[in-house]
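Peer 1: One structure, pasted below without further comment.
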Amino acid sequence: MSIRVEHLTHIYDKGLPTEQIALEDINFAVEDGELLGVIGHTGSGKSTLLQHLNGLLKPDAGRVIVGDVDITALGVSMVEIRKRIGLVFQYPEYQLFEETVAKDVAFGPKNLGLSDSEIEERVREAIELVGLDYEEIRERSPFELSGGQKRRVAIAGVVAMRPEVLILDEPTAGLDPKAHHDVLDMVQEVHRRTGNIIILVSHNMADIARVSDKIIVIDSGHLVTTGTPREVFSQKELLRGVGLDLPPITEFTETLREKGMELPSTILDTREAALAIAKALREKRTKG
Amino acid sequence: MEKIIKVQNVSFAYSREEGSEPVKAIDGISFEIEAGSFTAIIGKNGSGKSTLAKNLNGLLLPTEGDILVADYNTKDDAHIWDVRQTAGMVFQNPDNQLVSAIVEDDVAFGPENLGVDPQEIRQRVDQALEAVNMGQFKNKAPHLLSGGQKQRIAIAGVVAMKPRCIIFDEPTAMLDPKGRKEIMAIIDELHREGITVVLITHFMEEAVRADRVMIMHEGKILLDGTPAEVFSQGALIKSVNLDVPPIVELADELRAVGISVPDEIITEEEMVAYVCQYE
């Protein structure tokens with residue numbers, strides 16, 4: 001399974017005075033099993049792009065090919081697309097509505113017309129995959145759970161559709177530090193266990209650097225660069241130009257480099273930074 | 001120094017359901033806030049920090065103990081508006097705080113309710129919008145603004161009431177990095193102008209700007225001191241599922257590989273200075 005986005009263009013209010021190009025000639029590919037990080041400041045076109053990937057929006061030009069299906073072609077069944085591609089919106093817990101956790105997670109699979117036993121199996125699997133205890137939580141009301149737990153339940157509702165591609169729009173926004181780490185670990189765990197493509201949108205550069213295999217950077221409707229975390233975060237000036245920061249530790253080690261300290265470029269991890277700084281300090285002491 | 005807020009043996013309990021055992025969100029805490037200071041209160045969700053914030057301006061009343069704001073007891077009905085006028089409050093979600101269809105009407109809402117003279121209101125609204133750099137948006141509709149801009153309007157609405165103290169309850173939690181920077185710059189500016197700031201947050205890099213940091217855990221105050229004093233307790237902070245600021249994390253890693261970084265180094269500037277003078 002892979003995703004190919006080819007020459008994707010989307011224009012809002014086409015033909016009206018308010019016409020605005022939201023996406024222009026976007027090209028990229030996500031290979032089987034990759035975790036793709038998507039970054040760009042608010043209003044850059046990220047959300048418009050995501051909505052094309054699961055068929056909520058149709059492009060004005062270009063194609064989105066998932067596996068061997070062109071999901072932007074006329075006559076493609078939306079149900080088929082949604083089965084393949086699950087999209088978790090921002091603050092998905094606002095969409096919880098059922099009396100019990102199990103019923104809420106079962107809502108999607110039920111709409112696929114599956115048998116009761118198949119539904120139960122999927123619900124159990126999804127709840128466990130997001131790191132919750134099925135037996136303990138299934139009969140509880142989603143509204144009495146903590147913020148982090150609610151978010152996991154909402155994500156489980158999408159995971160229960162067994163999508164081949166899981167898209168998460170800011171899954172850690174607004175969570176406290178513990179819940180933030182837990183949800184990010186959960187995303188990696190789901191990725192590890194399903195082996196499927198995951199597309200993660202986040203404003204947190206440290207998270208993106210940590211979990212992504214590949215990153216795309218969107219600004220004003222254009223794809224401005226793509227590459228591994230190290231390739232992307234080595235382009236400090238370009239990122240700054242589109243209103244994005246480096247991960248805090250990278251920002252700090254780059255400051256030290258500007259002050260003349262001999263460190264490797266684009267350090268993405270705190271431990272890596274500590275080892276490099278310690279080495280440089282010891283060399284300084286030997287020379288001094 | 002004048003103590004603008006005095007929290008005296010305060011507990012706050014609530015019942016989840018009718019007849020169930022009450023839960024203590026705040027458990028017998030005491031502290032005072034100095035006029036003109038900048039205090040950050042940190043804690044994970046459920047630690048009691050937001051409940052405390054709502055107690056500080058009388059939105060909630062202590063079930064035990066007293067809170068005095070400019071020496072008015074928050075339980076004294078006759079002076080509740082003096083309490084609220086002294087200590088204004090900004091909440092997490094700007095969408096929940098905006099009431100009007102036009103930005104300047106929204107900012108005028110607070111002073112109007114205080115019965116301020118219309119000419120004075122005009123002046124206050126203009127000044128408040130300038131204070132948050134939103135003057136040019138005064139005739140716009142709030143729903144067309146970005147999250148950070150909306151939050152700035154919400155702050156202007158509080159500033160227009162001329163409070164001596166503003167309590168910010170996770171004001172940046174729902175904003176993107178640009179919005180967060182805008183709001184933190186405004187908070188720093190208001191503090192410089194003499195407003196007492198109480199900032200509830202779980203972003204550690206925001207807390208290092210304060211002159212005092214309090215960490216709440218299970219309704220009690222776990223740590224209270226200068227940022228350097230508090231963040232030198234990295235192990236304790238992590239044990240209650242909070243993060244330490246990125247530079248404190250780095251300092252810990254450096255110590256682990258034999259570089260004895262002093263405890264008081266918690267900001268990027270301090271770490272740069274330390275590394276550059278190292279010999």
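Quick note on naming: the chains in the structure tokens go A, B, ... in the order shown, residues restart at 1 in each chain, and ligands are numbered from 1 in order of appearance.
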Quick check: residues of chain B within 6 Å of chain A, only C-alpha atoms, returned as a ChimeraX atom specification.

Peer 2: /B:44,173-174,241-242,250,253-254,279

Peer 1: Could you dump the residues just selected with N, CA and C atoms as a CSV table (one decimal), in the first residue's frame?

Peer 2:
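That gives us again.csv:
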chain,number,residue,atom,x,y,z
B,44,LYS,N,-0.6,18.8,36.5
B,44,LYS,CA,-1.3,18.1,35.4
B,44,LYS,C,-2.8,18.3,35.5
B,173,ALA,N,-3.3,27.0,25.6
B,173,ALA,CA,-3.4,25.6,25.4
B,173,ALA,C,-4.0,25.2,24.1
B,174,MET,N,-4.9,26.1,23.6
B,174,MET,CA,-5.6,25.7,22.3
B,174,MET,C,-5.0,26.5,21.1
B,241,ASN,N,4.4,13.2,37.0
B,241,ASN,CA,4.0,13.3,35.6
B,241,ASN,C,4.0,14.6,34.9
B,242,LEU,N,4.9,15.5,35.3
B,242,LEU,CA,5.1,16.8,34.6
B,242,LEU,C,6.4,16.7,33.9
B,250,LEU,N,18.2,19.0,29.3
B,250,LEU,CA,19.6,19.0,28.8
B,250,LEU,C,20.6,19.0,29.9
B,253,GLU,N,20.9,15.6,31.4
B,253,GLU,CA,21.7,14.7,30.5
B,253,GLU,C,23.2,15.1,30.5
B,254,LEU,N,23.5,16.4,30.6
B,254,LEU,CA,24.9,16.8,30.7
B,254,LEU,C,25.6,16.2,32.0
B,279,GLU,N,35.6,26.3,31.0
B,279,GLU,CA,37.0,26.1,30.7
B,279,GLU,C,37.6,25.0,31.6

Peer 1: Go through range 111-202 of chain B and collect every residue that DSSP, computed from the backbone, puts in strand (DSSP E); the answer should be as a PDB file with C-alpha atoms, in the first residue's frame.

Peer 2:
ATOM      1  CA  CYS B 165      -4.376  41.396  38.736  1.00  0.00           C
ATOM      2  CA  ILE B 166      -5.134  39.042  35.838  1.00  0.00           C
ATOM      3  CA  ILE B 167      -5.467  35.278  36.235  1.00  0.00           C
ATOM      4  CA  PHE B 168      -4.756  33.415  33.002  1.00  0.00           C
ATOM      5  CA  ASP B 169      -6.137  29.853  33.003  1.00  0.00           C
ATOM      6  CA  THR B 196      -0.031  41.211  38.863  1.00  0.00           C
ATOM      7  CA  VAL B 197      -0.021  38.041  36.744  1.00  0.00           C
ATOM      8  CA  VAL B 198      -1.094  34.562  37.808  1.00  0.00           C
ATOM      9  CA  LEU B 199      -0.521  32.137  34.927  1.00  0.00           C
ATOM     10  CA  ILE B 200      -1.931  28.617  35.049  1.00  0.00           C
ATOM     11  CA  THR B 201      -0.125  26.508  32.447  1.00  0.00           C
TER      12      THR B 201
END

Peer 1: Work out how far apart CA of Thr51 in chain B and CA of Ala25 in chain B are and give it in Å to one decimal.

Peer 2: 6.9 Å

Peer 1: Could you list, as a list of chain:residue names, every residue within 10 Å of Leu223 in chain B, counting only C-alpha atoms and ignoring same-chain residues fewer than 3 positions away?

Peer 2: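 Surrounding residues, per the criterion: B:Ile41, B:Ile42, B:Val213, B:Met214, B:Ile215, B:Met216, B:His217, B:Lys220, B:Thr226, B:Glu229, B:Val230, B:Phe231, B:Gln233, B:Leu236, B:Ile237.
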
Peer 1: Go ahead and dump the residues you just picked, N, CA and C atoms, as a compact mmCIF listing (two decimals), in the first residue's frame.

Peer 2:
# COMPACT_ATOMS: atom_id res chain seq x y z
N ILE B 41 1.49 28.82 37.93
CA ILE B 41 1.01 27.64 38.67
C ILE B 41 0.91 26.48 37.68
N ILE B 42 1.64 25.40 37.99
CA ILE B 42 1.72 24.27 37.08
C ILE B 42 1.12 23.04 37.76
N VAL B 213 7.25 30.09 40.80
CA VAL B 213 6.58 28.93 40.22
C VAL B 213 6.01 28.09 41.36
N MET B 214 4.74 27.73 41.23
CA MET B 214 4.14 26.81 42.19
C MET B 214 3.69 25.56 41.43
N ILE B 215 4.00 24.39 41.97
CA ILE B 215 3.54 23.16 41.33
C ILE B 215 2.48 22.51 42.20
N MET B 216 1.32 22.28 41.61
CA MET B 216 0.23 21.65 42.36
C MET B 216 0.14 20.18 42.02
N HIS B 217 -0.17 19.39 43.06
CA HIS B 217 -0.35 17.96 42.84
C HIS B 217 -1.40 17.47 43.83
N LYS B 220 -2.72 19.86 46.51
CA LYS B 220 -1.77 20.49 47.44
C LYS B 220 -0.64 21.17 46.65
N THR B 226 11.41 30.19 43.34
CA THR B 226 11.82 30.79 42.07
C THR B 226 11.88 29.67 41.04
N GLU B 229 14.82 27.41 41.70
CA GLU B 229 14.64 26.52 42.86
C GLU B 229 13.72 25.35 42.52
N VAL B 230 12.62 25.67 41.85
CA VAL B 230 11.63 24.63 41.57
C VAL B 230 12.15 23.64 40.52
N PHE B 231 12.71 24.15 39.42
CA PHE B 231 13.10 23.25 38.34
C PHE B 231 14.38 22.47 38.63
N GLN B 233 14.43 20.57 41.00
CA GLN B 233 13.88 19.32 41.56
C GLN B 233 13.33 18.44 40.44
N LEU B 236 11.59 14.99 41.25
CA LEU B 236 10.29 15.12 41.92
C LEU B 236 9.22 15.55 40.91
N ILE B 237 9.58 16.50 40.05
CA ILE B 237 8.63 17.01 39.06
C ILE B 237 8.20 15.90 38.11

Peer 1: With only C-alpha atoms as the counted atoms, please give the residues lying no more than 12 Å from Ser232 in chain B, apart from itself and same-chain residues fewer than 4 positions off, as a list in words.

Peer 2: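 So, after excluding close chain neighbours, the residues are Val208, Val213, Leu223, Asp224, Gly225, Thr226, Pro227, Ala228, Leu236, Ile237, Lys238, Val244, Pro245, Ile247, Val248, Glu249, Ala251, Asp252, Val261, Pro262, Asp263, Glu264, Ile265, Ile266 and Thr267 of chain B.
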
Peer 1: Between CA of Arg162 in chain A and CA of Lys110 in chain A, what is the distance in Å, rounded to a tenth?

Peer 2: 12.7 Å

Peer 1: Write out as a PDB file with N, CA and C atoms, in the first residue's frame each polymer residue whose atoms come within 10 Å of Gly148 in chain B, counting only C-alpha atoms; drop sequence neighbours fewer than 2 positions from it.

Peer 2:
ATOM      1  N   PRO B  94     -10.790  30.860  23.705  1.00  0.00           N
ATOM      2  CA  PRO B  94     -11.270  32.217  23.432  1.00  0.00           C
ATOM      3  C   PRO B  94     -12.706  32.236  22.908  1.00  0.00           C
ATOM      4  N   LEU B 145     -11.281  36.091  13.103  1.00  0.00           N
ATOM      5  CA  LEU B 145      -9.887  36.225  13.551  1.00  0.00           C
ATOM      6  C   LEU B 145      -9.278  34.859  13.850  1.00  0.00           C
ATOM      7  N   SER B 146      -7.941  34.801  13.926  1.00  0.00           N
ATOM      8  CA  SER B 146      -7.253  33.558  14.299  1.00  0.00           C
ATOM      9  C   SER B 146      -7.427  33.312  15.792  1.00  0.00           C
ATOM     10  N   LYS B 150      -8.142  36.083  18.661  1.00  0.00           N
ATOM     11  CA  LYS B 150      -9.345  36.033  19.501  1.00  0.00           C
ATOM     12  C   LYS B 150      -8.963  36.086  20.977  1.00  0.00           C
ATOM     13  N   GLN B 151      -7.891  35.353  21.312  1.00  0.00           N
ATOM     14  CA  GLN B 151      -7.471  35.349  22.711  1.00  0.00           C
ATOM     15  C   GLN B 151      -6.995  36.746  23.117  1.00  0.00           C
ATOM     16  N   ARG B 152      -6.365  37.476  22.205  1.00  0.00           N
ATOM     17  CA  ARG B 152      -5.932  38.846  22.508  1.00  0.00           C
ATOM     18  C   ARG B 152      -7.150  39.746  22.756  1.00  0.00           C
ATOM     19  N   ILE B 153      -8.240  39.521  21.993  1.00  0.00           N
ATOM     20  CA  ILE B 153      -9.471  40.293  22.224  1.00  0.00           C
ATOM     21  C   ILE B 153     -10.030  39.970  23.616  1.00  0.00           C
ATOM     22  N   ALA B 154      -9.995  38.675  23.957  1.00  0.00           N
ATOM     23  CA  ALA B 154     -10.500  38.284  25.280  1.00  0.00           C
ATOM     24  C   ALA B 154      -9.671  38.970  26.379  1.00  0.00           C
ATOM     25  N   PRO B 171      -4.059  30.002  28.977  1.00  0.00           N
ATOM     26  CA  PRO B 171      -4.518  30.846  27.861  1.00  0.00           C
ATOM     27  C   PRO B 171      -3.962  30.426  26.503  1.00  0.00           C
ATOM     28  N   THR B 172      -2.921  29.591  26.482  1.00  0.00           N
ATOM     29  CA  THR B 172      -2.312  29.235  25.194  1.00  0.00           C
ATOM     30  C   THR B 172      -2.548  27.784  24.807  1.00  0.00           C
ATOM     31  N   MET B 174      -4.911  26.085  23.550  1.00  0.00           N
ATOM     32  CA  MET B 174      -5.571  25.729  22.295  1.00  0.00           C
ATOM     33  C   MET B 174      -4.999  26.499  21.102  1.00  0.00           C
ATOM     34  N   LEU B 175      -3.858  27.162  21.287  1.00  0.00           N
ATOM     35  CA  LEU B 175      -3.322  27.996  20.213  1.00  0.00           C
ATOM     36  C   LEU B 175      -2.145  27.317  19.518  1.00  0.00           C
ATOM     37  N   ASP B 176      -1.870  27.757  18.288  1.00  0.00           N
ATOM     38  CA  ASP B 176      -0.698  27.250  17.583  1.00  0.00           C
ATOM     39  C   ASP B 176       0.542  28.021  18.079  1.00  0.00           C
ATOM     40  N   PRO B 177       1.758  27.582  17.669  1.00  0.00           N
ATOM     41  CA  PRO B 177       2.976  28.214  18.222  1.00  0.00           C
ATOM     42  C   PRO B 177       3.006  29.732  18.036  1.00  0.00           C
ATOM     43  N   LYS B 178       2.531  30.225  16.903  1.00  0.00           N
ATOM     44  CA  LYS B 178       2.542  31.659  16.665  1.00  0.00           C
ATOM     45  C   LYS B 178       1.605  32.352  17.661  1.00  0.00           C
ATOM     46  N   GLY B 179       0.407  31.809  17.827  1.00  0.00           N
ATOM     47  CA  GLY B 179      -0.558  32.366  18.770  1.00  0.00           C
ATOM     48  C   GLY B 179      -0.013  32.346  20.195  1.00  0.00           C
ATOM     49  N   ARG B 180       0.694  31.265  20.541  1.00  0.00           N
ATOM     50  CA  ARG B 180       1.257  31.164  21.891  1.00  0.00           C
ATOM     51  C   ARG B 180       2.279  32.256  22.134  1.00  0.00           C
ATOM     52  N   LYS B 181       3.130  32.493  21.129  1.00  0.00           N
ATOM     53  CA  LYS B 181       4.156  33.534  21.290  1.00  0.00           C
ATOM     54  C   LYS B 181       3.504  34.901  21.451  1.00  0.00           C
ATOM     55  N   GLU B 182       2.458  35.173  20.654  1.00  0.00           N
ATOM     56  CA  GLU B 182       1.755  36.458  20.745  1.00  0.00           C
ATOM     57  C   GLU B 182       1.215  36.674  22.152  1.00  0.00           C
ATOM     58  N   ILE B 183       0.558  35.635  22.670  1.00  0.00           N
ATOM     59  CA  ILE B 183      -0.074  35.780  23.990  1.00  0.00           C
ATOM     60  C   ILE B 183       0.985  35.931  25.083  1.00  0.00           C
TER      61      ILE B 183
END

Peer 1: Please identify all polymer residues within 10 Å of Arg124 in chain B, counting only C-alpha atoms, omitting same-chain residues fewer than 3 positions from it, and present them as a PyMOL selection string.

Peer 2: chain B and resi 107-108+111+116+118-121+127-130+156-157+159-162

Peer 1: Compile the contact shell of range 29-38 of chain B as number ranges by chain: residues with an atom at most 8 Å away, counting only C-alpha atoms, same-chain residues fewer than 3 positions apart removed.

Peer 2: B: 1-11, 26, 165, 191, 194-199, 210-212, 220-221

Peer 1: Given the selection you just returned, output its residues as a file containing C-alpha atoms, formatted as an mmCIF file, in the first residue's frame.

Peer 2:
data_model
loop_
_atom_site.group_PDB
_atom_site.id
_atom_site.type_symbol
_atom_site.label_atom_id
_atom_site.label_comp_id
_atom_site.auth_asym_id
_atom_site.auth_seq_id
_atom_site.Cartn_x
_atom_site.Cartn_y
_atom_site.Cartn_z
ATOM 1 C CA MET B 1 5.084 44.553 49.899
ATOM 2 C CA GLU B 2 1.302 44.512 49.519
ATOM 3 C CA LYS B 3 -0.244 41.051 49.290
ATOM 4 C CA ILE B 4 -2.962 41.414 46.673
ATOM 5 C CA ILE B 5 -4.279 37.866 47.094
ATOM 6 C CA LYS B 6 -4.257 35.916 50.352
ATOM 7 C CA VAL B 7 -5.214 32.247 50.328
ATOM 8 C CA GLN B 8 -5.802 31.015 53.875
ATOM 9 C CA ASN B 9 -6.208 27.278 54.609
ATOM 10 C CA VAL B 10 -8.398 26.809 51.562
ATOM 11 C CA SER B 11 -10.072 23.559 50.617
ATOM 12 C CA ILE B 26 -8.001 21.678 46.720
ATOM 13 C CA CYS B 165 -4.376 41.396 38.736
ATOM 14 C CA HIS B 191 3.373 42.417 33.814
ATOM 15 C CA GLY B 194 2.600 46.646 36.753
ATOM 16 C CA ILE B 195 -0.284 44.183 36.512
ATOM 17 C CA THR B 196 -0.031 41.211 38.863
ATOM 18 C CA VAL B 197 -0.021 38.041 36.744
ATOM 19 C CA VAL B 198 -1.094 34.562 37.808
ATOM 20 C CA LEU B 199 -0.521 32.137 34.927
ATOM 21 C CA ALA B 210 7.678 33.928 35.934
ATOM 22 C CA ASP B 211 9.388 35.166 39.079
ATOM 23 C CA ARG B 212 7.682 32.462 41.118
ATOM 24 C CA LYS B 220 -1.768 20.494 47.437
ATOM 25 C CA ILE B 221 1.237 22.684 46.706
#

Peer 1: Tell me which of A:Arg193, A:Arg4, A:Lys103, A:His10 sits closest to Ile71 in chain A, counting only C-alpha atoms.

Peer 2: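 Among the listed residues, A:Arg4 lies closest to Ile71 in chain A.
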
Peer 1: Which residue, B:Gly110, B:Pro163, B:Gly219, B:Gly28, has the smallest gap to Thr63 in chain B when you use only C-alpha atoms?

Peer 2: B:Gly28

Peer 1: Expressed in Å to a single decimal, how great is the separation between CA of Ala73 in chain A and CA of Leu223 in chain A?

Peer 2: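 These two atoms are separated by 22.7 Å.
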
Peer 1: Choose the residue, out of A:His222, A:Arg152, A:Arg257, A:Arg82, that has the smallest atom-to-atom separation from Val190 in chain A; count only C-alpha atoms.

Peer 2: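 Using only C-alpha atoms, the shortest distance to Val190 in chain A belongs to A:Arg152.
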
Peer 1: Taking only C-alpha atoms into account, name the residue in B:Val158, B:Val23, B:Gly135, B:Pro142 that is nearest to Glu112 in chain B.

Peer 2: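 Selected residue with least distance to Glu112 in chain B: B:Val158.
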